[in-house]
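Have a look at work_17.txt below; it lists compact mmCIF, C-alpha atoms.
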```txt
# COMPACT_ATOMS: atom_id res chain seq x y z
CA ILE A 1 3.66 -9.95 19.55
CA LEU A 2 2.88 -11.69 16.26
CA GLU A 3 4.65 -14.87 17.29
CA SER A 4 2.61 -14.92 20.51
CA VAL A 5 -0.94 -14.00 19.49
CA ALA A 6 -1.38 -14.04 15.68
CA TRP A 7 -3.02 -17.47 15.89
CA LEU A 8 -5.75 -16.25 18.27
CA ASP A 9 -8.96 -15.01 16.62
CA LYS A 10 -9.54 -12.25 19.16
CA TYR A 11 -6.42 -10.42 17.96
CA THR A 12 -7.16 -10.64 14.23
CA GLU A 13 -8.79 -7.22 13.91
CA LEU A 14 -6.06 -5.58 15.98
CA LEU A 15 -3.23 -7.09 13.94
CA GLY A 16 -4.82 -7.51 10.53
CA TYR A 17 -6.50 -4.12 10.41
CA ARG A 18 -5.24 -1.61 12.95
CA LEU A 19 -1.56 -2.58 13.01
CA LEU A 20 -1.32 -3.39 9.31
CA SER A 21 -3.15 -0.24 8.16
CA ALA A 22 -0.85 1.92 10.31
CA ALA A 23 2.24 0.21 8.91
CA VAL A 24 1.07 0.48 5.30
CA LYS A 25 0.14 4.15 5.74
CA ALA A 26 3.54 4.91 7.23
CA ILE A 27 5.28 3.41 4.20
CA VAL A 28 2.98 4.79 1.50
CA THR A 29 2.98 8.38 2.80
CA GLU A 30 6.82 8.30 3.07
CA PRO A 31 7.24 10.75 5.96
CA LYS A 32 10.79 11.96 6.47
CA TRP A 33 10.88 10.68 10.04
CA MET A 34 10.48 7.15 8.63
CA VAL A 35 13.69 7.29 6.58
CA GLY A 36 16.01 4.53 7.72
CA THR A 37 13.33 2.36 9.33
CA GLU A 38 11.32 1.37 6.24
CA TRP A 39 12.65 -2.19 6.04
CA ASP A 40 11.60 -2.80 9.64
CA MET A 41 8.08 -1.64 8.85
CA ILE A 42 7.94 -3.72 5.66
CA ASN A 43 9.03 -6.69 7.73
CA VAL A 44 6.04 -6.13 10.04
CA ILE A 45 3.73 -5.96 7.01
CA ARG A 46 5.18 -9.20 5.69
CA ASP A 47 4.86 -10.96 9.04
CA VAL A 48 1.20 -9.97 9.44
CA TYR A 49 0.25 -10.93 5.89
CA ASP A 50 2.06 -14.27 5.99
CA ARG A 51 0.45 -15.35 9.27
CA LEU A 52 -3.07 -14.02 8.74
CA VAL A 53 -3.55 -14.71 5.04
CA LEU A 54 -1.01 -17.13 3.56
CA GLY A 55 -0.71 -19.75 6.28
CA GLN A 56 3.02 -19.08 6.70
CA TYR A 57 4.89 -18.49 9.92
CA LEU A 58 8.33 -16.96 10.40
CA LEU A 59 11.14 -17.24 12.88
CA PRO A 60 11.09 -14.76 15.81
CA GLY A 61 11.40 -11.15 14.67
CA GLY A 62 10.05 -11.96 11.22
CA GLN A 63 13.29 -13.59 10.16
CA GLY A 64 13.88 -16.34 7.63
CA PRO A 65 11.64 -17.70 4.85
CA GLY A 66 7.89 -18.10 5.11
CA LEU A 67 7.33 -21.60 6.49
CA GLN A 68 4.23 -22.84 4.71
CA MET A 69 1.60 -24.85 6.57
CA PRO A 70 -0.51 -27.29 4.54
CA ARG A 71 -4.27 -27.09 4.15
CA ASP A 72 -6.39 -28.92 6.68
CA SER A 73 -7.41 -32.25 5.18
CA ALA A 74 -10.80 -32.05 6.93
CA ASN A 75 -11.44 -28.47 5.74
CA PRO A 76 -9.52 -27.26 2.64
CA MET A 77 -10.55 -23.68 3.43
CA MET A 78 -8.34 -23.71 6.53
CA PHE A 79 -4.67 -24.31 7.31
CA GLU A 80 -3.23 -26.72 9.79
CA GLN A 81 -1.88 -25.00 12.90
CA THR A 82 1.87 -25.05 13.53
CA LYS A 83 3.26 -27.37 16.18
CA VAL A 84 4.87 -24.38 17.89
CA ALA A 85 1.84 -22.10 18.17
CA ASP A 86 2.36 -21.76 21.92
CA LYS A 87 6.12 -21.35 21.57
CA PRO A 88 6.81 -17.83 20.25
CA LEU A 89 10.57 -18.26 20.49
CA MET A 90 10.30 -21.06 17.93
CA GLY A 91 8.10 -19.11 15.50
CA GLY A 92 4.64 -19.17 17.04
CA GLY A 93 1.44 -19.87 15.15
CA ILE A 94 -0.74 -18.72 12.27
CA LEU A 95 -4.37 -17.85 11.79
CA THR A 96 -5.83 -21.09 10.44
CA ALA A 97 -8.85 -19.35 8.88
CA THR A 98 -7.63 -16.74 6.39
CA SER A 99 -8.52 -13.15 7.27
CA ASP A 100 -9.71 -10.66 4.66
CA PHE A 101 -8.60 -7.61 6.68
CA PRO A 102 -5.12 -7.45 5.07
CA ARG A 103 -6.59 -7.91 1.60
CA ARG A 104 -9.00 -5.00 2.15
CA ILE A 105 -6.09 -2.78 3.13
CA LEU A 106 -4.23 -3.59 -0.10
CA MET A 107 -7.36 -2.85 -2.09
CA GLY A 108 -7.74 0.35 -0.11
CA ILE A 109 -4.40 1.62 -1.47
CA GLY A 110 -5.49 1.07 -5.06
CA MET A 111 -4.89 -2.60 -5.82
CA THR A 112 -7.54 -4.57 -7.69
CA GLN A 113 -8.77 -7.97 -6.53
CA GLU A 114 -6.87 -9.58 -9.41
CA GLU A 115 -3.66 -7.84 -8.37
CA VAL A 116 -4.08 -9.01 -4.78
CA VAL A 117 -4.57 -12.60 -5.96
CA ALA A 118 -1.50 -12.37 -8.20
CA THR A 119 0.55 -10.94 -5.32
CA GLU A 120 -0.46 -13.80 -3.05
CA LYS A 121 0.48 -16.37 -5.69
CA THR A 122 3.91 -14.75 -5.91
CA LEU A 123 4.32 -14.78 -2.13
CA LEU A 124 3.37 -18.47 -2.03
CA LYS A 125 5.98 -19.23 -4.65
CA LYS A 126 8.72 -16.92 -3.40
CA ARG A 127 9.05 -17.41 0.34
CA SER A 128 12.52 -16.09 1.16
CA ALA A 129 12.64 -12.98 3.34
CA LYS A 130 14.31 -10.88 0.65
CA GLU A 131 11.93 -11.94 -2.13
CA GLN A 132 8.80 -11.34 -0.09
CA LYS A 133 9.96 -7.98 1.23
CA ASP A 134 10.83 -6.91 -2.31
CA VAL A 135 7.31 -7.85 -3.43
CA PHE A 136 5.78 -5.66 -0.72
CA ARG A 137 8.17 -2.80 -1.46
CA ASP A 138 7.26 -2.82 -5.16
CA LEU A 139 3.50 -2.76 -4.58
CA LEU A 140 3.84 -0.08 -1.90
CA ARG A 141 5.94 2.03 -4.28
CA VAL A 142 3.08 2.05 -6.79
CA ALA A 143 0.65 3.10 -4.07
CA ALA A 144 3.03 5.82 -2.88
CA ASP A 145 3.33 7.25 -6.38
CA LYS A 146 -0.46 7.36 -6.72
CA THR A 147 -0.91 9.18 -3.42
CA LYS A 148 1.89 11.58 -4.29
CA GLN A 149 0.15 12.53 -7.53
CA ALA A 150 -3.15 12.96 -5.69
CA GLU A 151 -1.55 15.25 -3.13
CA GLY A 152 -0.23 17.59 -5.80
CA LEU A 153 2.93 19.62 -5.72
CA ASN A 154 1.77 22.65 -3.71
CA ARG A 155 2.09 21.14 -0.30
CA GLY A 156 4.72 23.30 1.38
CA ASP A 157 7.53 22.12 3.61
CA LYS A 158 6.33 20.41 6.80
CA GLY A 159 9.72 19.40 8.10
CA ALA A 160 9.84 15.90 9.54
CA LEU A 161 6.17 15.39 8.61
CA ASP A 162 6.82 16.16 4.96
CA ARG A 163 7.16 13.37 2.38
CA ALA A 164 10.68 12.03 1.86
CA GLY A 165 12.22 12.86 -1.51
CA ALA A 166 13.18 10.25 -4.10
CA GLU A 167 16.79 10.49 -2.95
CA GLU A 168 15.75 9.55 0.59
CA SER A 169 12.94 7.08 0.01
CA LEU A 170 13.54 3.34 0.25
CA LEU A 171 10.65 2.71 -2.14
CA HIS A 172 12.48 4.53 -4.91
CA GLY A 173 15.92 3.17 -4.09
CA LYS A 174 16.24 1.37 -7.43
CA LEU A 175 15.63 4.66 -9.23
CA ARG A 176 18.46 6.52 -7.54
CA GLN A 177 21.80 7.02 -9.23
CA PRO A 178 24.81 5.59 -7.40
CA THR A 179 26.55 8.20 -5.28
CA VAL A 180 29.94 6.47 -5.36
CA SER A 181 31.99 7.69 -8.30
CA ALA A 182 33.46 5.18 -10.72
CA LEU A 183 36.92 3.86 -10.04
CA PRO A 184 39.73 5.20 -12.21
CA GLU A 185 40.65 3.16 -15.26
CA LYS A 186 43.91 2.13 -13.62
CA LEU A 187 43.60 1.24 -9.98
CA VAL A 188 46.71 2.01 -7.93
CA THR A 189 46.92 0.24 -4.58
CA TYR A 190 49.16 0.93 -1.60
CA SER A 191 51.21 -2.21 -2.22
CA MET A 192 51.76 -1.17 -5.84
CA MET A 193 53.01 2.25 -4.70
CA LYS A 194 55.43 0.68 -2.19
CA LYS A 195 56.72 -1.69 -4.83
CA LYS A 196 57.29 1.23 -7.19
CA GLU A 197 59.14 3.17 -4.49
CA GLY A 198 61.35 0.16 -3.90
CA SER A 199 62.19 -0.14 -7.60
CA ASN A 200 63.14 3.58 -7.71
CA SER A 201 65.47 3.36 -4.69
CA PRO A 202 69.20 3.78 -5.53
CA ASP A 203 71.39 0.71 -5.61
CA PRO A 204 73.27 0.31 -2.28
CA ALA A 205 76.55 0.20 -4.20
CA ASP A 206 75.92 3.73 -5.49
CA GLY A 207 75.33 5.26 -2.07
CA PRO A 208 77.80 6.38 0.61
CA TRP A 209 80.00 3.66 2.15
CA HIS A 210 79.26 2.94 5.80
CA GLY A 211 81.82 0.25 6.40
CA ASN A 212 84.59 0.21 9.06
CA ILE A 213 87.48 2.46 7.83
CA PHE A 214 89.90 0.75 10.20
CA ASP A 215 89.58 -2.67 8.54
```
Structure encoded using C-alpha cells:
Amino acid sequence: ILESVAWLDKYTELLGYRLLSAAVKAIVTEPKWMVGTEWDMINVIRDVYDRLVLGQYLLPGGQGPGLQMPRDSANPMMFEQTKVADKPLMGGGILTATSDFPRRILMGIGMTQEEVVATEKTLLKKRSAKEQKDVFRDLLRVAADKTKQAEGLNRGDKGALDRAGAEESLLHGKLRQPTVSALPEKLVTYSMMKKKEGSNSPDPADGPWHGNIFD
C-alpha cells in the first residue's frame, strides 16, 4: 500500500495518522497477541515515517536502506519526487511536502519537539534498515515504560489482551538474560570422541587370529 499511494496527498491522513497511530499503539501497549510480530509492525512505522516525513523511499515491503531524495531546488521546503513513484514494485514514491501527522504521534507518546528533531537527524544519518528499526524500537521502549508505569501494577490478568512481560517483549530484548547456558570449559566434539575411541582400541596383533589355519 505504501509503495502505491504514499506519494498521494489524499492518503496522507489515512497513512500518517490512522495507520501510524494504530501501529505505534500496538507496539507501545505490548499486548501478548503481538509477541512475535513486533518487527513487522516497526517496519511499517519506519516505512510510513521515511516516506511521509524524511523524503526517503524503500524497496517493496519496506526492505533495504532509506533511499534519500534531495530537496527541490525550486522549493527547499519540499523534496523531489522519485522517478518510480508510479512503479510500486520498484519502491514507489514519497510525500514531497513533509507531513506533521507522524511527528504529532511521537509527541503524543511523550517525546518533546527537541527529541523528535534529534530522532529525525539520526534517521537521516543512519539509513540502513537495521539502524532505523533500532532507533524506532528504542524510542518506543521508552514510551512503553512510561505507559506501563501510568497503568500501575493492579491490572489483573487479561489473557491475550494483557501486556507482554519483559521476557516476551521485543522492546526489552536487550535487557533479557541469555537463555542458552554457557559452553563447558572444554568442548568435546563427536569427532574428538571417535578419535579417542580409535586410540583406545586394542592393537590387531593382540586380538584373536582370523587367518586361514590350513595355510
Of A:Arg127, A:Arg104, A:Lys133, A:Lys148, the one sitting nearest Gln68 of chain A when using all atoms listed in the file is A:Arg127
Closest of A:Ser99, A:Trp33, A:Met77, A:Trp39 to Lys10 of chain A, counting only C-alpha atoms, is A:Ser99
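Going from atom CA of Ala129 of chain A over to atom CA of Ile45 of chain A, you cover 11.9 Å.
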key: Contacts of segment 47-49 of chain A within 7 Å, only C-alpha atoms, excl. fewer than 6 positions in-chain, as a list in words   =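 Skipping anything fewer than 6 positions along the chain leaves Leu15, Gly16, Gly62 and Pro102 of chain A.
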Write the residues you've just listed into a file as a CSV table (one decimal), in the frame of the given file, and include C-alpha atoms for each of them.
```
chain,number,residue,atom,x,y,z
A,15,LEU,CA,-3.2,-7.1,13.9
A,16,GLY,CA,-4.8,-7.5,10.5
A,62,GLY,CA,10.0,-12.0,11.2
A,102,PRO,CA,-5.1,-7.4,5.1
```
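Within the 8 Å cut-off around Asp9 of chain A, using all atoms listed in the file and omitting residues fewer than 3 positions from it on the same chain, the listed residues are Ala6, Thr12 and Leu95 of chain A.
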Residue with the minimum atom-to-atom distance to Val24 of chain A, picked from A:Pro88, A:Pro76, A:Gly108, A:Gly64 with only C-alpha atoms counted, is A:Gly108
**Message:** Between atom CA of Asp72 of chain A and atom CA of Lys121 of chain A, what distance in Å does the model show, to one decimal?
**Reply:**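 Going from atom CA of Asp72 of chain A over to atom CA of Lys121 of chain A covers 18.9 Å.
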Q | Residue nearest Asn43 of chain A among A:Gln132, A:Gln81, A:Thr96, A:Gln56 (counting all atoms listed in the file) | A |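 Nearest to Asn43 of chain A: A:Gln132.
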| said: Quick one: residues within 12 Å of Thr82 of chain A, only C-alpha atoms, excluding same-chain residues fewer than 3 positions away - as a ChimeraX atom specification? | reply: /A:3,6-7,51,55-58,67-72,79,85-88,90-96
task = Select, counting all atoms listed in the file, all protein, DNA and RNA residues no farther than 12 Å from (-4.6, 0.5, -6.5) in file coordinates, and express the selection as number ranges by chain.
result = A: 28, 103-116, 139-147
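Take atom CA of Ile27 of chain A and atom CA of Leu89 of chain A: the distance between them is 27.6 Å.
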